[in-house]
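Next comes model05.cif, with mmCIF, C-alpha atoms.
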data_final
loop_
_atom_site.label_atom_id
_atom_site.label_comp_id
_atom_site.auth_asym_id
_atom_site.auth_seq_id
_atom_site.Cartn_x
_atom_site.Cartn_y
_atom_site.Cartn_z
CA ILE A 959 46.12 -29.33 -35.30
CA LYS A 960 44.92 -30.19 -31.81
CA THR A 961 42.65 -27.14 -31.78
CA ILE A 962 40.95 -28.34 -34.96
CA ILE A 963 40.79 -32.04 -34.14
CA GLN A 964 39.51 -31.37 -30.61
CA ASP A 965 38.36 -34.65 -29.06
CA GLN A 966 37.86 -36.49 -32.34
CA GLN A 967 39.64 -39.85 -32.56
CA VAL A 968 41.73 -39.42 -35.69
CA PRO A 969 45.13 -40.87 -36.54
CA ILE A 970 47.92 -38.34 -36.96
CA VAL A 971 50.79 -39.15 -39.30
CA ASP A 972 53.99 -37.12 -39.13
CA LEU A 973 55.41 -37.20 -42.65
CA ARG A 974 58.86 -36.32 -41.29
CA LYS A 975 59.01 -39.75 -39.65
CA LEU A 976 58.37 -41.59 -42.92
CA HIS A 977 60.64 -42.43 -45.81
CA LEU A 978 59.00 -40.64 -48.75
CA THR A 979 60.94 -40.24 -51.97
CA TYR A 980 60.24 -37.85 -54.81
CA TYR A 981 57.85 -38.62 -57.65
CA ASP A 982 59.58 -40.79 -60.25
CA TYR A 983 58.27 -41.17 -63.80
CA GLU A 984 59.85 -44.63 -63.88
CA HIS A 985 58.12 -45.58 -60.61
CA GLY A 986 61.36 -46.83 -59.09
CA ASN A 987 60.32 -45.46 -55.72
CA GLN A 988 57.72 -48.06 -54.80
CA GLN A 989 59.67 -49.40 -51.81
CA ASP A 990 59.25 -46.27 -49.70
CA ASP A 991 56.44 -45.53 -47.23
CA PHE A 992 54.04 -43.79 -49.63
CA ILE A 993 51.86 -46.71 -50.78
CA PRO A 994 51.40 -48.12 -47.24
CA LEU A 995 50.41 -44.61 -46.11
CA ALA A 996 48.00 -44.23 -49.05
CA GLU A 997 46.41 -47.57 -48.14
CA LYS A 998 45.68 -46.17 -44.68
CA MET A 999 44.67 -42.76 -46.00
CA VAL A 1000 41.89 -44.03 -48.28
CA ARG A 1001 40.11 -45.58 -45.31
CA HIS A 1002 39.37 -42.14 -43.84
CA ASN A 1003 37.06 -39.27 -44.66
CA PRO A 1004 37.62 -36.41 -44.21
CA LEU A 1005 41.35 -36.11 -44.86
CA ILE A 1006 43.13 -33.28 -43.07
CA LEU A 1007 46.57 -32.14 -44.19
CA ALA A 1008 48.69 -29.77 -42.11
CA THR A 1009 51.80 -27.86 -43.10
CA PRO A 1010 53.38 -24.58 -42.14
CA VAL A 1011 53.84 -21.91 -44.79
CA TYR A 1012 57.42 -21.94 -46.09
CA TRP A 1013 58.29 -19.22 -48.57
CA TYR A 1014 54.65 -18.76 -49.59
CA SER A 1015 54.12 -22.47 -50.16
CA MET A 1016 53.83 -25.79 -48.36
CA SER A 1017 56.74 -27.58 -46.69
CA ALA A 1018 59.03 -29.68 -48.88
CA ILE A 1019 57.86 -32.96 -47.35
CA MET A 1020 54.20 -32.01 -47.96
CA LYS A 1021 55.04 -31.14 -51.58
CA THR A 1022 56.73 -34.52 -52.00
CA PHE A 1023 53.72 -36.25 -50.45
CA LEU A 1024 51.24 -34.40 -52.65
CA ASP A 1025 53.33 -35.07 -55.77
CA ARG A 1026 53.23 -38.77 -54.99
CA TRP A 1027 49.45 -38.79 -55.25
CA SER A 1028 50.18 -39.17 -58.98
CA ASP A 1029 51.15 -42.76 -58.17
CA LEU A 1030 47.51 -43.32 -57.26
CA LEU A 1031 46.60 -42.57 -60.87
CA GLU A 1032 49.35 -44.63 -62.43
CA VAL A 1033 50.64 -47.39 -60.15
CA ARG A 1034 47.81 -47.98 -57.68
CA LYS A 1035 44.68 -46.87 -59.50
CA ASP A 1036 42.60 -48.92 -57.06
CA LEU A 1037 43.66 -46.53 -54.29
CA GLY A 1038 43.15 -43.46 -56.47
CA ARG A 1039 39.55 -44.49 -57.18
CA ARG A 1040 38.93 -44.72 -53.43
CA LEU A 1041 39.77 -41.01 -53.06
CA VAL A 1042 36.84 -40.01 -55.28
CA GLY A 1043 34.30 -38.01 -53.28
CA LYS A 1044 36.48 -37.67 -50.17
CA GLU A 1045 36.73 -34.30 -48.43
CA LEU A 1046 40.09 -32.63 -47.96
CA TYR A 1047 40.75 -29.92 -45.37
CA LEU A 1048 43.99 -28.02 -44.88
CA ILE A 1049 45.58 -26.51 -41.77
CA THR A 1050 48.53 -24.14 -41.97
CA SER A 1051 50.36 -21.65 -39.81
CA TYR A 1052 51.87 -18.39 -40.95
CA ALA A 1053 53.52 -15.40 -39.29
CA GLY A 1054 53.55 -12.75 -42.01
CA GLU A 1055 50.95 -12.02 -44.66
CA LEU A 1056 48.52 -14.59 -45.95
CA PRO A 1057 50.22 -16.29 -48.89
CA LYS A 1058 48.48 -15.78 -52.24
CA GLY A 1059 47.69 -19.00 -54.07
CA PHE A 1060 48.74 -21.22 -51.15
CA GLU A 1061 45.66 -23.43 -51.45
CA ASP A 1062 45.83 -23.83 -55.25
CA PRO A 1063 47.94 -27.03 -55.36
CA PHE A 1064 45.59 -28.69 -52.86
CA SER A 1065 42.35 -27.57 -54.49
CA GLN A 1066 43.58 -28.42 -57.98
CA THR A 1067 44.74 -31.85 -56.83
CA CYS A 1068 41.26 -32.41 -55.43
CA ASN A 1069 39.68 -31.34 -58.70
CA TYR A 1070 41.94 -33.71 -60.61
CA LEU A 1071 41.17 -36.64 -58.30
CA ASP A 1072 37.43 -35.86 -58.09
CA MET A 1073 37.69 -35.03 -54.39
CA HIS A 1074 36.06 -32.13 -52.53
CA TYR A 1075 38.42 -29.43 -51.35
CA LYS A 1076 36.76 -27.89 -48.29
CA GLY A 1077 39.14 -25.08 -47.36
CA CYS A 1078 42.03 -24.05 -45.18
CA PHE A 1079 42.42 -22.88 -41.59
CA TYR A 1080 45.20 -20.30 -41.34
CA PHE A 1081 46.63 -20.23 -37.81
CA TYR A 1082 48.38 -16.93 -37.24
CA SER A 1083 51.62 -17.27 -35.25
CA GLY A 1084 53.12 -13.81 -35.72
CA SER A 1085 53.27 -10.82 -33.40
CA ASN A 1086 50.01 -9.08 -34.37
CA SER A 1087 47.87 -9.46 -31.24
CA VAL A 1088 44.58 -8.79 -33.08
CA LEU A 1089 45.23 -11.64 -35.53
CA LYS A 1090 46.33 -13.92 -32.70
CA GLU A 1091 43.08 -13.28 -30.86
CA GLN A 1092 41.09 -14.38 -33.92
CA ASN A 1093 42.74 -17.82 -34.01
CA GLU A 1094 40.45 -19.46 -31.45
CA PHE A 1095 37.19 -18.29 -33.00
CA LEU A 1096 38.34 -19.12 -36.54
CA ALA A 1097 39.56 -22.55 -35.39
CA LYS A 1098 36.19 -23.33 -33.80
CA THR A 1099 34.34 -22.29 -36.93
CA PHE A 1100 36.65 -24.34 -39.15
CA ALA A 1101 36.46 -27.38 -36.86
CA SER A 1102 32.67 -27.23 -36.86
CA SER A 1103 32.71 -27.40 -40.66
CA ILE A 1104 34.87 -30.54 -40.59
CA TRP A 1105 32.81 -32.36 -38.02
CA HIS A 1106 29.58 -31.03 -39.61
CA GLU A 1107 28.39 -29.32 -36.44
CA PRO A 1108 26.46 -26.03 -36.41
CA SER A 1109 28.82 -23.09 -36.83
CA CYS A 1110 30.13 -21.46 -33.72
CA THR A 1111 29.12 -17.87 -33.04
CA ALA A 1112 31.19 -15.11 -31.54
CA ALA A 1113 30.90 -14.77 -27.77
#

Rewritten as structure tokens:
Amino acid sequence: IKTIIQDQQVPIVDLRKLHLTYYDYEHGNQQDDFIPLAEKMVRHNPLILATPVYWYSMSAIMKTFLDRWSDLLEVRKDLGRRLVGKELYLITSYAGELPKGFEDPFSQTCNYLDMHYKGCFYFYSGSNSVLKEQNEFLAKTFASSIWHEPSCTAA
């Protein structure tokens, strides 16, 4: 995350430190931390989500968080409308093979909410030294796309 954010002044929210409950069709979960977080989230553009790969998918807390975006279409439509046109970037780390379809829930959520899914940076944390060496260059290129700077070139 720090490699991508660089020296940009952006707030970082650790979902593990919040009380987020699962999506509830009855909306009995409105006293948790999701709506206050969404109120902060809609004030920013771009939005950057970060999660490690767990069993070919996102972490459980990220899945819960993403599921709760449905509340922004049902309970707090005013917040959901403020997501329209926002850019969403994704950062993940993996140690094995690139997971197939990992980005689909994020890109499809963006399509549904009329947001712009801008892609994912895959940080390799395994033992393959060639892939590890590529991290820095790929991170610089990805970061430049977020901050709308000219793309970095290989040294």

Atom CA of A:Ser1017 to atom CA of A:Leu1005 measures 17.7 Å

Closest atom pairs, residues of stretch 991-1091 of chain A within 12 Å of stretch 1095-1100 of chain A, only C-alpha atoms, as JSON lines:
{"residue": "A:Ile1006", "atom": "CA", "partner": "A:Phe1100", "partner_atom": "CA", "distance": 11.7}
{"residue": "A:Tyr1047", "atom": "CA", "partner": "A:Phe1100", "partner_atom": "CA", "distance": 9.3}
{"residue": "A:Leu1048", "atom": "CA", "partner": "A:Phe1100", "partner_atom": "CA", "distance": 10.0}
{"residue": "A:Ile1049", "atom": "CA", "partner": "A:Phe1100", "partner_atom": "CA", "distance": 9.6}
{"residue": "A:Thr1050", "atom": "CA", "partner": "A:Ala1097", "partner_atom": "CA", "distance": 11.2}
{"residue": "A:Ser1051", "atom": "CA", "partner": "A:Ala1097", "partner_atom": "CA", "distance": 11.7}
{"residue": "A:Lys1076", "atom": "CA", "partner": "A:Phe1100", "partner_atom": "CA", "distance": 9.8}
{"residue": "A:Gly1077", "atom": "CA", "partner": "A:Phe1100", "partner_atom": "CA", "distance": 8.6}
{"residue": "A:Cys1078", "atom": "CA", "partner": "A:Phe1100", "partner_atom": "CA", "distance": 8.1}
{"residue": "A:Phe1079", "atom": "CA", "partner": "A:Phe1100", "partner_atom": "CA", "distance": 6.4}
{"residue": "A:Tyr1080", "atom": "CA", "partner": "A:Leu1096", "partner_atom": "CA", "distance": 8.5}
{"residue": "A:Phe1081", "atom": "CA", "partner": "A:Ala1097", "partner_atom": "CA", "distance": 7.8}
{"residue": "A:Tyr1082", "atom": "CA", "partner": "A:Leu1096", "partner_atom": "CA", "distance": 10.3}
{"residue": "A:Leu1089", "atom": "CA", "partner": "A:Leu1096", "partner_atom": "CA", "distance": 10.2}
{"residue": "A:Lys1090", "atom": "CA", "partner": "A:Phe1095", "partner_atom": "CA", "distance": 10.1}
{"residue": "A:Glu1091", "atom": "CA", "partner": "A:Phe1095", "partner_atom": "CA", "distance": 8.0}

The residue from A:Ile962, A:Leu978, A:Ile1019, A:Val1000 with the smallest atom-to-atom distance to A:Ser1102, counting only C-alpha atoms, is A:Ile962

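Compared by their closest atoms to A:Leu1024, and using all atoms listed in the file, the residues A:Pro994, A:Thr1009, A:Gly1059, A:Thr1067 rank with A:Thr1067 nearest.
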
Expressed in Å, the length from atom CA of A:Pro1063 to atom CA of A:Tyr1014 is 12.1 Å

request  = For the structure shown, which residues end up in the PyMOL selection byres ((chain A and resi 1023) around 9)? Put them as an MDAnalysis selection string, please?
outcome  = chainID A and resid 973 978:981 992 1018:1022 1024:1027

Within 9 Å of A:His1074, counting only C-alpha atoms, which residues qualify if same-chain residues fewer than 3 places away don't, as a list in words?
->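 That gives Val1042, Gly1043, Lys1044, Glu1045, Leu1046, Tyr1047, Ser1065, Cys1068, Asn1069 and Leu1071 of chain A.
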
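Between atom CA of A:His1002 and atom CA of A:Glu1032 the interatomic distance comes to 21.2 Å.
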
Closest of A:Gln988, A:Ser1015, A:Ser1083, A:Gln964 to A:Ala1053, counting all atoms listed in the file, is A:Ser1083

* If you count all atoms listed in the file, which residues fall within 12 Å of A:Gln966, apart from same-chain ones fewer than 3 positions away, as a PyMOL selection string? -> chain A and resi 959-963+969-970+1004+1101-1102+1104-1105

Open item on the list: Report as an NGL selection string all protein, DNA and RNA residues lying within 9 Å of A:Leu1030, evaluated on all atoms listed in the file, omitting residues in the same chain fewer than 5 positions from it.
Closed with: :A and (993 or 996 or 1035-1039)

Q | A:Asp965, A:Gly1084, A:Arg974, A:Pro1057 ranked by distance to A:Met1016, top pick (using only C-alpha atoms) | A |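 Counting only C-alpha atoms, the residue closest to A:Met1016 is A:Pro1057.
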
Shortest contact to A:Asp972, candidates A:Tyr1075, A:Arg1001, A:Gln989, A:Ala1008, atoms counted all atoms listed in the file, goes to A:Ala1008

Min atom-atom distance to A:His985 from the set A:Leu1007, A:Met999, A:Leu1041, A:Val1033, counting all atoms listed in the file, belongs to A:Val1033

With the input short on atoms, add N, CA and C atoms back to stretch 977-1013 of chain A and write it as an mmCIF file, keeping the file's coordinate frame.
data_model
loop_
_atom_site.group_PDB
_atom_site.id
_atom_site.type_symbol
_atom_site.label_atom_id
_atom_site.label_comp_id
_atom_site.auth_asym_id
_atom_site.auth_seq_id
_atom_site.Cartn_x
_atom_site.Cartn_y
_atom_site.Cartn_z
ATOM 1 N N HIS A 977 59.690 -42.480 -44.696
ATOM 2 C CA HIS A 977 60.640 -42.430 -45.810
ATOM 3 C C HIS A 977 59.830 -42.238 -47.087
ATOM 4 N N LEU A 978 59.728 -40.968 -47.526
ATOM 5 C CA LEU A 978 59.000 -40.640 -48.750
ATOM 6 C C LEU A 978 59.991 -40.088 -49.768
ATOM 7 N N THR A 979 60.041 -40.718 -50.921
ATOM 8 C CA THR A 979 60.940 -40.240 -51.970
ATOM 9 C C THR A 979 60.147 -39.453 -53.004
ATOM 10 N N TYR A 980 60.866 -38.706 -53.826
ATOM 11 C CA TYR A 980 60.240 -37.850 -54.810
ATOM 12 C C TYR A 980 59.521 -38.652 -55.883
ATOM 13 N N TYR A 981 58.566 -37.995 -56.536
ATOM 14 C CA TYR A 981 57.850 -38.620 -57.650
ATOM 15 C C TYR A 981 58.872 -39.048 -58.705
ATOM 16 N N ASP A 982 58.664 -40.214 -59.263
ATOM 17 C CA ASP A 982 59.580 -40.790 -60.250
ATOM 18 C C ASP A 982 58.764 -41.306 -61.431
ATOM 19 N N TYR A 983 59.013 -40.754 -62.609
ATOM 20 C CA TYR A 983 58.270 -41.170 -63.800
ATOM 21 C C TYR A 983 58.466 -42.647 -64.115
ATOM 22 N N GLU A 984 59.561 -43.205 -63.656
ATOM 23 C CA GLU A 984 59.850 -44.630 -63.880
ATOM 24 C C GLU A 984 59.247 -45.507 -62.784
ATOM 25 N N HIS A 985 58.731 -44.892 -61.751
ATOM 26 C CA HIS A 985 58.120 -45.580 -60.610
ATOM 27 C C HIS A 985 59.103 -46.507 -59.897
ATOM 28 N N GLY A 986 60.343 -46.066 -59.796
ATOM 29 C CA GLY A 986 61.360 -46.830 -59.090
ATOM 30 C C GLY A 986 61.351 -46.566 -57.589
ATOM 31 N N ASN A 987 60.366 -45.858 -57.116
ATOM 32 C CA ASN A 987 60.320 -45.460 -55.720
ATOM 33 C C ASN A 987 59.262 -46.236 -54.916
ATOM 34 N N GLN A 988 58.844 -47.352 -55.396
ATOM 35 C CA GLN A 988 57.720 -48.060 -54.800
ATOM 36 C C GLN A 988 58.053 -48.790 -53.490
ATOM 37 N N GLN A 989 59.291 -48.731 -53.057
ATOM 38 C CA GLN A 989 59.670 -49.400 -51.810
ATOM 39 C C GLN A 989 59.702 -48.451 -50.620
ATOM 40 N N ASP A 990 59.271 -47.200 -50.832
ATOM 41 C CA ASP A 990 59.250 -46.270 -49.700
ATOM 42 C C ASP A 990 57.924 -46.395 -48.948
ATOM 43 N N ASP A 991 57.612 -45.439 -48.099
ATOM 44 C CA ASP A 991 56.440 -45.530 -47.230
ATOM 45 C C ASP A 991 55.158 -44.935 -47.838
ATOM 46 N N PHE A 992 55.210 -44.458 -49.090
ATOM 47 C CA PHE A 992 54.040 -43.790 -49.630
ATOM 48 C C PHE A 992 52.836 -44.715 -49.826
ATOM 49 N N ILE A 993 52.998 -45.824 -50.501
ATOM 50 C CA ILE A 993 51.860 -46.710 -50.780
ATOM 51 C C ILE A 993 51.239 -47.243 -49.483
ATOM 52 N N PRO A 994 52.026 -47.708 -48.503
ATOM 53 C CA PRO A 994 51.400 -48.120 -47.240
ATOM 54 C C PRO A 994 50.620 -46.982 -46.569
ATOM 55 N N LEU A 995 51.128 -45.750 -46.662
ATOM 56 C CA LEU A 995 50.410 -44.610 -46.110
ATOM 57 C C LEU A 995 49.126 -44.362 -46.903
ATOM 58 N N ALA A 996 49.194 -44.436 -48.213
ATOM 59 C CA ALA A 996 48.000 -44.230 -49.050
ATOM 60 C C ALA A 996 46.941 -45.286 -48.755
ATOM 61 N N GLU A 997 47.368 -46.512 -48.490
ATOM 62 C CA GLU A 997 46.410 -47.570 -48.140
ATOM 63 C C GLU A 997 45.661 -47.238 -46.863
ATOM 64 N N LYS A 998 46.334 -46.605 -45.916
ATOM 65 C CA LYS A 998 45.680 -46.170 -44.680
ATOM 66 C C LYS A 998 44.810 -44.933 -44.935
ATOM 67 N N MET A 999 45.333 -44.028 -45.736
ATOM 68 C CA MET A 999 44.670 -42.760 -46.000
ATOM 69 C C MET A 999 43.289 -42.952 -46.632
ATOM 70 N N VAL A 1000 43.162 -43.870 -47.566
ATOM 71 C CA VAL A 1000 41.890 -44.030 -48.280
ATOM 72 C C VAL A 1000 40.781 -44.595 -47.406
ATOM 73 N N ARG A 1001 41.115 -45.059 -46.226
ATOM 74 C CA ARG A 1001 40.110 -45.580 -45.310
ATOM 75 C C ARG A 1001 39.443 -44.476 -44.484
ATOM 76 N N HIS A 1002 39.866 -43.240 -44.659
ATOM 77 C CA HIS A 1002 39.370 -42.140 -43.840
ATOM 78 C C HIS A 1002 38.689 -41.058 -44.685
ATOM 79 N N ASN A 1003 37.727 -40.429 -44.079
ATOM 80 C CA ASN A 1003 37.060 -39.270 -44.660
ATOM 81 C C ASN A 1003 36.473 -38.479 -43.498
ATOM 82 N N PRO A 1004 36.820 -37.244 -43.333
ATOM 83 C CA PRO A 1004 37.620 -36.410 -44.210
ATOM 84 C C PRO A 1004 39.121 -36.658 -44.037
ATOM 85 N N LEU A 1005 39.888 -36.124 -44.967
ATOM 86 C CA LEU A 1005 41.350 -36.110 -44.860
ATOM 87 C C LEU A 1005 41.744 -34.687 -44.470
ATOM 88 N N ILE A 1006 42.663 -34.594 -43.527
ATOM 89 C CA ILE A 1006 43.130 -33.280 -43.070
ATOM 90 C C ILE A 1006 44.640 -33.255 -43.220
ATOM 91 N N LEU A 1007 45.125 -32.319 -44.011
ATOM 92 C CA LEU A 1007 46.570 -32.140 -44.190
ATOM 93 C C LEU A 1007 46.994 -30.889 -43.434
ATOM 94 N N ALA A 1008 48.183 -30.925 -42.852
ATOM 95 C CA ALA A 1008 48.690 -29.770 -42.110
ATOM 96 C C ALA A 1008 50.141 -29.518 -42.491
ATOM 97 N N THR A 1009 50.448 -28.271 -42.749
ATOM 98 C CA THR A 1009 51.800 -27.860 -43.100
ATOM 99 C C THR A 1009 51.977 -26.385 -42.780
ATOM 100 N N PRO A 1010 53.135 -26.009 -42.288
ATOM 101 C CA PRO A 1010 53.380 -24.580 -42.140
ATOM 102 C C PRO A 1010 53.624 -23.953 -43.518
ATOM 103 N N VAL A 1011 53.495 -22.644 -43.575
ATOM 104 C CA VAL A 1011 53.840 -21.910 -44.790
ATOM 105 C C VAL A 1011 55.354 -21.732 -44.811
ATOM 106 N N TYR A 1012 55.985 -22.161 -45.876
ATOM 107 C CA TYR A 1012 57.420 -21.940 -46.090
ATOM 108 C C TYR A 1012 57.580 -21.206 -47.413
ATOM 109 N N TRP A 1013 58.078 -20.012 -47.369
ATOM 110 C CA TRP A 1013 58.290 -19.220 -48.570
ATOM 111 C C TRP A 1013 57.056 -19.230 -49.469
#
